[in-house]
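Next comes start-v4.csv, with CSV, C-alpha atoms.
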```
chain,number,residue,atom,x,y,z
A,1,MET,CA,0.0,0.0,0.0
A,2,ASN,CA,2.8,2.5,0.9
A,3,VAL,CA,4.6,1.7,-2.4
A,4,MET,CA,1.4,2.3,-4.4
A,5,ARG,CA,0.6,5.5,-2.5
A,6,THR,CA,4.1,6.8,-3.0
A,7,GLY,CA,4.1,6.0,-6.7
A,8,MET,CA,0.8,7.9,-7.0
A,9,LEU,CA,2.3,10.9,-5.2
A,10,LEU,CA,5.4,10.9,-7.4
A,11,ALA,CA,3.2,10.6,-10.5
A,12,PHE,CA,1.2,13.6,-9.2
A,13,MET,CA,4.5,15.6,-8.7
A,14,THR,CA,5.5,14.9,-12.3
A,15,ALA,CA,2.1,15.9,-13.6
A,16,LEU,CA,2.2,19.0,-11.5
A,17,PHE,CA,5.6,19.9,-12.9
A,18,MET,CA,4.2,19.4,-16.4
A,19,GLY,CA,1.2,21.5,-15.5
A,20,VAL,CA,3.4,24.4,-14.4
A,21,GLY,CA,5.2,24.1,-17.7
A,22,PHE,CA,1.9,24.4,-19.6
A,23,LEU,CA,0.9,27.4,-17.6
A,24,ILE,CA,4.2,29.1,-18.4
A,25,GLY,CA,4.7,28.0,-22.0
A,26,GLY,CA,1.6,26.2,-23.2
A,27,THR,CA,1.8,22.8,-24.9
A,28,GLY,CA,5.5,23.4,-25.8
A,29,GLY,CA,6.3,24.3,-22.2
A,30,MET,CA,4.6,21.2,-20.9
A,31,MET,CA,6.6,19.0,-23.2
A,32,ILE,CA,9.8,20.8,-22.2
A,33,ALA,CA,8.8,20.3,-18.5
A,34,LEU,CA,8.3,16.6,-19.1
A,35,VAL,CA,11.8,16.2,-20.6
A,36,VAL,CA,13.3,18.3,-17.8
A,37,ALA,CA,11.5,16.2,-15.1
A,38,ALA,CA,12.7,13.0,-16.7
A,39,GLY,CA,16.3,14.3,-16.8
A,40,MET,CA,16.1,15.5,-13.2
A,41,ASN,CA,14.8,12.2,-12.0
A,42,LEU,CA,17.5,10.4,-13.8
A,43,PHE,CA,20.2,12.7,-12.4
A,44,SER,CA,18.8,12.3,-8.9
A,45,TYR,CA,18.7,8.5,-9.3
A,46,TRP,CA,22.5,8.3,-9.9
A,47,ASN,CA,23.7,11.3,-7.9
A,48,SER,CA,21.4,11.8,-4.9
A,49,ASP,CA,23.7,10.4,-2.3
A,50,LYS,CA,26.7,12.5,-3.5
A,51,MET,CA,24.6,15.6,-3.6
A,52,VAL,CA,23.2,15.3,-0.1
A,53,LEU,CA,26.5,14.2,1.5
A,54,ARG,CA,28.3,17.1,-0.1
A,55,MET,CA,25.6,19.6,1.0
A,56,HIS,CA,26.3,18.6,4.6
A,57,HIS,CA,30.1,18.2,4.4
A,58,ALA,CA,29.9,14.6,5.5
A,59,VAL,CA,33.2,12.7,5.9
A,60,GLU,CA,33.4,9.0,5.4
A,61,VAL,CA,34.7,6.9,8.3
A,62,ASP,CA,35.7,3.3,8.7
A,63,GLU,CA,36.6,0.8,11.4
A,64,ALA,CA,40.0,2.3,11.9
A,65,ASN,CA,38.9,5.9,12.8
A,66,ALA,CA,35.4,5.3,14.2
A,67,PRO,CA,35.4,1.7,15.5
A,68,GLU,CA,32.3,1.8,17.8
A,69,TYR,CA,30.1,3.8,15.4
A,70,TYR,CA,31.2,1.6,12.5
A,71,ALA,CA,30.6,-1.6,14.4
A,72,ILE,CA,27.1,-0.5,15.4
A,73,VAL,CA,26.1,0.1,11.7
A,74,ARG,CA,27.8,-3.2,10.6
A,75,ASP,CA,25.9,-5.3,13.2
A,76,LEU,CA,22.6,-3.6,12.5
A,77,ALA,CA,23.0,-4.1,8.8
A,78,ALA,CA,23.6,-7.8,9.5
A,79,ASN,CA,20.5,-7.9,11.6
A,80,ALA,CA,18.5,-6.4,8.8
A,81,ASN,CA,20.1,-8.6,6.1
A,82,LEU,CA,21.3,-5.5,4.3
A,83,PRO,CA,24.6,-4.8,2.5
A,84,MET,CA,27.0,-2.8,4.6
A,85,PRO,CA,26.4,0.9,3.7
A,86,LYS,CA,29.1,3.6,3.6
A,87,VAL,CA,29.3,5.3,7.0
A,88,TYR,CA,29.7,9.1,7.3
A,89,VAL,CA,30.1,11.7,10.1
A,90,ILE,CA,28.8,15.2,9.8
A,91,GLN,CA,30.7,17.8,11.7
A,92,ASN,CA,27.7,19.5,13.2
A,93,ASP,CA,26.7,20.2,16.8
A,94,GLN,CA,23.0,19.5,16.2
A,95,PRO,CA,22.2,15.9,17.0
A,96,ASN,CA,20.7,14.4,13.8
A,97,ALA,CA,21.2,11.7,11.2
A,98,PHE,CA,20.1,10.7,7.7
A,99,ALA,CA,20.4,8.0,5.1
A,100,THR,CA,20.8,8.4,1.3
A,101,GLY,CA,21.5,6.3,-1.8
A,102,ARG,CA,19.5,4.9,-4.7
A,103,ASN,CA,19.3,1.4,-3.3
A,104,PRO,CA,20.6,-0.9,-0.5
A,105,GLN,CA,23.7,-1.7,-2.6
A,106,ASN,CA,24.6,1.9,-2.9
A,107,ALA,CA,23.5,3.4,0.4
A,108,ALA,CA,25.1,5.6,2.9
A,109,VAL,CA,24.2,6.6,6.5
A,110,ALA,CA,25.4,9.7,8.3
A,111,ALA,CA,25.3,10.8,11.9
A,112,SER,CA,26.3,14.2,13.2
A,113,THR,CA,29.0,14.7,15.8
A,114,GLY,CA,26.3,16.2,18.0
A,115,LEU,CA,24.3,13.0,17.9
A,116,LEU,CA,27.3,10.8,18.6
A,117,GLN,CA,28.3,13.0,21.6
A,118,ARG,CA,24.9,13.3,23.2
A,119,LEU,CA,23.4,9.9,22.8
A,120,SER,CA,24.2,6.6,24.5
A,121,PRO,CA,25.4,3.6,22.3
A,122,GLN,CA,21.9,2.1,22.6
A,123,GLU,CA,20.3,5.3,21.3
A,124,VAL,CA,22.8,5.6,18.5
A,125,ALA,CA,22.0,2.0,17.5
A,126,ALA,CA,18.3,2.8,17.4
A,127,VAL,CA,18.9,5.9,15.3
A,128,MET,CA,21.0,4.1,12.8
A,129,ALA,CA,18.5,1.2,12.7
A,130,HIS,CA,15.9,3.8,11.8
A,131,GLU,CA,18.1,5.0,8.9
A,132,LEU,CA,18.7,1.5,7.7
A,133,ALA,CA,15.0,1.0,7.7
A,134,HIS,CA,14.8,3.9,5.2
A,135,VAL,CA,17.4,2.1,3.1
A,136,GLU,CA,15.5,-1.2,3.2
A,137,HIS,CA,12.3,0.6,2.2
A,138,ARG,CA,14.1,2.6,-0.5
A,139,ASP,CA,12.8,5.8,1.0
A,140,THR,CA,16.0,7.6,0.4
A,141,LEU,CA,15.6,7.6,-3.4
A,142,THR,CA,11.9,8.4,-3.2
A,143,MET,CA,12.4,11.4,-0.9
A,144,THR,CA,15.3,12.7,-2.9
A,145,ILE,CA,13.4,12.7,-6.2
A,146,THR,CA,10.4,14.3,-4.5
A,147,ALA,CA,12.6,17.0,-3.0
A,148,THR,CA,14.2,17.6,-6.5
A,149,LEU,CA,10.8,17.9,-8.2
A,150,ALA,CA,9.4,20.1,-5.4
A,151,GLY,CA,12.4,22.5,-5.7
A,152,ALA,CA,12.1,22.6,-9.5
A,153,ILE,CA,8.3,23.4,-9.3
A,154,SER,CA,9.1,26.2,-6.8
A,155,MET,CA,11.8,27.5,-9.1
A,156,LEU,CA,9.4,27.6,-12.1
A,157,GLY,CA,6.8,29.3,-10.0
A,158,ASN,CA,9.3,32.0,-9.0
A,159,PHE,CA,10.1,32.6,-12.7
A,160,ALA,CA,6.6,32.3,-14.0
A,161,MET,CA,6.1,36.1,-14.4
A,162,PHE,CA,9.3,36.4,-16.5
A,163,PHE,CA,8.1,33.8,-19.0
A,164,GLY,CA,4.8,35.5,-19.7
A,165,GLY,CA,2.7,32.4,-19.1
A,166,GLY,CA,-0.6,34.2,-20.0
A,167,SER,CA,0.2,35.2,-23.6
A,168,ARG,CA,-1.9,33.9,-26.5
A,169,GLU,CA,1.1,32.6,-28.2
A,170,ASN,CA,1.6,30.1,-25.4
A,171,ASN,CA,-2.0,28.7,-25.9
A,172,ASN,CA,-2.6,29.1,-22.2
A,173,PRO,CA,-6.4,29.5,-21.8
A,174,LEU,CA,-6.2,30.6,-18.1
A,175,GLY,CA,-4.3,33.8,-18.8
A,176,PHE,CA,-3.3,35.7,-15.7
A,177,ILE,CA,-5.0,33.2,-13.5
A,178,GLY,CA,-2.6,30.6,-14.9
A,179,ILE,CA,0.3,32.7,-13.9
A,180,LEU,CA,-1.0,33.0,-10.3
A,181,VAL,CA,-1.5,29.2,-10.2
A,182,ALA,CA,2.1,28.6,-11.4
A,183,MET,CA,3.5,31.2,-8.9
A,184,ILE,CA,1.5,30.2,-5.8
A,185,VAL,CA,-0.7,27.2,-6.0
A,186,ALA,CA,1.6,24.7,-7.7
A,187,PRO,CA,4.7,25.3,-5.4
A,188,PHE,CA,2.3,25.0,-2.4
A,189,ALA,CA,0.8,21.7,-3.7
A,190,ALA,CA,4.3,20.4,-4.3
A,191,MET,CA,5.3,21.2,-0.7
A,192,ILE,CA,2.3,19.4,0.7
A,193,VAL,CA,3.0,16.3,-1.3
A,194,GLN,CA,6.6,16.3,-0.3
A,195,MET,CA,5.7,16.6,3.4
A,196,ALA,CA,3.0,13.9,3.1
A,197,ILE,CA,5.6,11.4,1.6
A,198,SER,CA,8.1,12.2,4.3
A,199,ARG,CA,5.7,11.9,7.3
A,200,THR,CA,4.3,8.6,6.1
A,201,ARG,CA,7.8,7.1,5.7
A,202,GLU,CA,8.9,8.2,9.1
A,203,TYR,CA,6.3,6.2,11.0
A,204,ALA,CA,7.2,3.1,8.9
A,205,ALA,CA,10.9,3.6,9.5
A,206,ASP,CA,10.4,4.0,13.2
A,207,ARG,CA,8.6,0.7,13.5
A,208,ARG,CA,11.1,-1.2,11.3
A,209,GLY,CA,14.0,0.5,13.0
A,210,ALA,CA,12.8,-0.6,16.4
A,211,GLN,CA,12.5,-4.2,15.1
A,212,ILE,CA,16.1,-4.1,13.7
A,213,CYS,CA,17.7,-2.8,17.0
A,214,GLY,CA,15.4,-4.9,19.2
A,215,ASN,CA,14.0,-2.2,21.6
A,216,PRO,CA,11.5,0.5,20.6
A,217,LEU,CA,12.3,2.5,23.8
A,218,TRP,CA,15.9,3.1,22.6
A,219,LEU,CA,14.5,4.9,19.6
A,220,ALA,CA,11.9,6.7,21.7
A,221,SER,CA,14.6,8.0,24.0
A,222,ALA,CA,16.8,9.0,21.1
A,223,LEU,CA,14.0,10.9,19.4
A,224,ASN,CA,13.3,12.9,22.6
A,225,LYS,CA,17.0,13.9,22.9
A,226,ILE,CA,17.4,14.7,19.2
A,227,ALA,CA,14.2,16.8,19.1
A,228,ARG,CA,15.3,18.9,22.0
A,229,GLY,CA,18.8,19.3,20.5
A,230,ALA,CA,17.4,20.3,17.1
A,231,LYS,CA,15.3,23.1,18.6
A,232,ALA,CA,18.3,24.4,20.6
A,233,ILE,CA,21.0,24.2,17.9
A,234,VAL,CA,20.8,25.7,14.4
A,235,ASN,CA,21.9,23.5,11.6
A,236,GLU,CA,23.3,26.1,9.1
A,237,ASP,CA,23.9,23.6,6.3
A,238,ALA,CA,20.2,22.4,6.5
A,239,GLU,CA,19.0,26.0,6.6
A,240,ARG,CA,20.9,26.7,3.4
A,241,ASN,CA,19.5,23.5,1.8
A,242,PRO,CA,15.9,23.1,3.2
A,243,ALA,CA,15.0,20.6,0.5
A,244,SER,CA,17.1,18.0,2.3
A,245,ALA,CA,15.2,18.4,5.6
A,246,PRO,CA,12.8,15.4,5.0
A,247,LEU,CA,15.9,13.1,4.9
A,248,PHE,CA,16.8,13.7,8.5
A,249,ILE,CA,15.3,11.6,11.4
A,250,ILE,CA,14.1,14.9,13.0
A,251,ASN,CA,13.4,18.1,11.2
A,252,PRO,CA,16.8,20.0,11.3
A,253,LEU,CA,15.2,23.4,10.4
A,254,SER,CA,14.3,25.9,13.1
A,255,GLY,CA,10.7,26.5,13.9
A,256,GLN,CA,9.3,23.0,13.4
A,257,GLY,CA,5.6,22.9,13.7
A,258,ALA,CA,3.0,20.4,15.0
A,259,ASP,CA,1.9,17.2,13.3
A,260,ASN,CA,0.0,18.8,10.4
A,261,LEU,CA,0.2,19.3,6.7
A,262,PHE,CA,2.9,22.0,7.1
A,263,SER,CA,5.4,19.8,8.9
A,264,THR,CA,8.1,17.8,7.2
A,265,HIS,CA,8.0,15.2,10.0
A,266,PRO,CA,5.3,13.8,12.3
A,267,SER,CA,5.4,15.3,15.8
A,268,THR,CA,8.0,13.7,18.0
A,269,GLU,CA,5.4,13.1,20.7
A,270,ASN,CA,3.2,11.1,18.4
A,271,ARG,CA,6.2,9.1,17.2
A,272,ILE,CA,7.3,8.4,20.8
A,273,ALA,CA,3.8,7.3,21.7
A,274,ALA,CA,3.7,4.9,18.8
A,275,LEU,CA,7.1,3.4,19.9
A,276,GLU,CA,5.9,3.0,23.5
A,277,ALA,CA,2.8,1.2,22.3
A,278,MET,CA,5.1,-1.0,20.2
A,279,ALA,CA,7.2,-1.6,23.3
A,280,GLN,CA,4.1,-2.8,25.2
A,281,GLU,CA,3.4,-5.2,22.4
A,282,PHE,CA,6.9,-6.6,23.0
A,283,GLY,CA,6.1,-6.9,26.7
A,284,ARG,CA,8.4,-4.0,27.6
A,285,ALA,CA,6.5,-1.1,29.2
A,286,PRO,CA,8.4,2.1,29.8
A,287,ALA,CA,9.7,2.7,33.3
A,288,ALA,CA,9.7,6.5,33.0
A,289,PRO,CA,6.9,8.9,32.2
A,290,ARG,CA,6.5,9.9,28.5
A,291,PRO,CA,8.7,11.2,26.9
A,292,PRO,CA,11.6,9.3,28.3
A,293,GLN,CA,14.3,11.5,29.8
A,294,VAL,CA,17.0,8.9,30.5
A,295,PRO,CA,18.7,6.2,28.3
A,296,VAL,CA,16.5,3.2,28.2
A,297,ASP,CA,19.3,0.8,29.1
A,298,ASP,CA,19.6,2.6,32.5
A,299,GLN,CA,16.0,2.1,33.4
A,300,PRO,CA,15.1,-0.6,35.9
A,301,GLY,CA,13.5,-3.8,34.6
A,302,ASP,CA,15.3,-3.8,31.2
A,303,GLU,CA,17.2,-7.0,31.2
A,304,ARG,CA,17.8,-7.3,27.5
A,305,PRO,CA,21.5,-7.8,26.7
A,306,SER,CA,23.0,-5.1,24.5
A,307,PRO,CA,25.6,-5.8,21.9
A,308,TRP,CA,26.8,-2.1,22.2
A,309,GLY,CA,27.9,-2.3,25.8
A,310,ARG,CA,26.1,-1.2,29.0
A,311,ASP,CA,28.2,1.8,30.0
A,312,GLY,CA,28.3,5.0,27.9
A,313,GLY,CA,31.9,5.7,28.5
A,314,GLY,CA,35.1,4.8,26.7
A,315,ARG,CA,33.8,5.8,23.3
A,316,LYS,CA,36.2,5.9,20.4
A,317,GLY,CA,36.0,7.8,17.2
A,318,PRO,CA,35.9,11.4,15.9
A,319,TRP,CA,33.2,12.3,18.4
A,320,ALA,CA,35.3,11.5,21.5
```

Write out the structure in this file as structure tokens.
Amino acid sequence: MNVMRTGMLLAFMTALFMGVGFLIGGTGGMMIALVVAAGMNLFSYWNSDKMVLRMHHAVEVDEANAPEYYAIVRDLAANANLPMPKVYVIQNDQPNAFATGRNPQNAAVAASTGLLQRLSPQEVAAVMAHELAHVEHRDTLTMTITATLAGAISMLGNFAMFFGGGSRENNNPLGFIGILVAMIVAPFAAMIVQMAISRTREYAADRRGAQICGNPLWLASALNKIARGAKAIVNEDAERNPASAPLFIINPLSGQGADNLFSTHPSTENRIAALEAMAQEFGRAPAAPRPPQVPVDDQPGDERPSPWGRDGGGRKGPWA
């Protein structure tokens, strides 16, 4: 169902892009828009990972210079029966993470230094499991293509007036109304579709990520810490490249709203509530009031052995 829904939304985005082309340049503009959309999708398919990683100045790490972080990703990938992705660190104080890549064989996961410094090993594991869930579901390609089309539609809307979309020569029957639609309505609709895709995918990745790491409360605790950190610390790279915001586990942009059509992510409270309900399904009720304020592995009654170690000290890597 999610695959079909996402396919329909992407088809709508392409049709919207062509519609804006028609409003600007008539039938010829629509055909040009179709060719441009196909070219952009093809470019995004092959280069989405490089584009996003470069935007956020991510640096690739390995077992030699980030042994604990790398080992967490390696073990989680094995749990999920996924190929080992490339592992990156983002030099940024805001705690956050994202995944990118066109398929599981060409995937990359990235965590900020702020996340690796502020979260326990169990919480880091839960976050990376969430990102691997995106890889498994191929969400990274879907969201990147959507972001590319949304940005292109907004760009066309900004330039609609310069193209004279209402002239008779363009065979545009809507005239000045068509220009207004291209400038205002189309970019707004593209933004809504982009946000709807992102929010739907986050809930699914939360659930699958909790299954991969084995404890929904690790992810609930991590989301609480990341959300508080994202509100307190500005991510300048994300602010300069807002189209990449849906890729992150928590909205990296300042001024995140509630769980509505104008938010790139579901509300953190709703996500935590869903994870706690999942924990109860596993027979693991939270020992602290919602939202959790302490690492889950330190809570009484949690006897599940952790492959990442019980203490939070002695970390190795670029975040030490």

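One distance worth recording is that between CA of Gly209 (chain A) and CA of Leu42 (chain A), which is 28.8 Å.
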
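Going from CA of Leu141 (chain A) to CA of Ser244 (chain A) covers 12.0 Å.
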
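One distance worth recording is that between CA of Ala125 (chain A) and CA of Glu63 (chain A), which is 15.9 Å.
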
Distance query region 108-114 of chain A at most 6 Å, all atoms listed in the file, self and fewer than 6 positions along chain excluded, as a ChimeraX atom specification: /A:85-101,319

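The residue that comes closest to Ala243 (chain A), out of A:Met51, A:Ala15, A:Met8, A:Ala58 and on the basis of only C-alpha atoms, is A:Met51.
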
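You can rank A:Arg118, A:His265, A:Arg207, A:Arg240 by their closest distance to Met55 (chain A) using only C-alpha atoms, and at the top of that list sits A:Arg240.
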
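Each of A:Gly229, A:Asn103, A:Ala220, A:Leu253 was checked against Ala277 (chain A) using all atoms listed in the file; the smallest atom-to-atom distance is that of A:Ala220.
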
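Residues within 9 Å of Pro242 (chain A), counting all atoms listed in the file and excluding same-chain residues fewer than 4 positions away, are Asp237, Ala238, Pro246, Pro252 and Leu253 of chain A.
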
Do you know which residues are at most 10 Å from Phe282 (chain A) counting only C-alpha atoms, after dropping those on the same chain fewer than 2 positions away, and could you put them as number ranges by chain? A: 211, 214-216, 276-280, 284-285

For a quick check of understanding, using only C-alpha atoms, which of A:Ala11, A:Ile226, A:Val124, A:Val20 has the smallest distance to Val73 (chain A)? A:Val124

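Candidate residues A:Ile250, A:Leu119, A:Ala66, A:Val52 were compared for distance to Glu131 (chain A), and the nearest is A:Ile250, using all atoms listed in the file.
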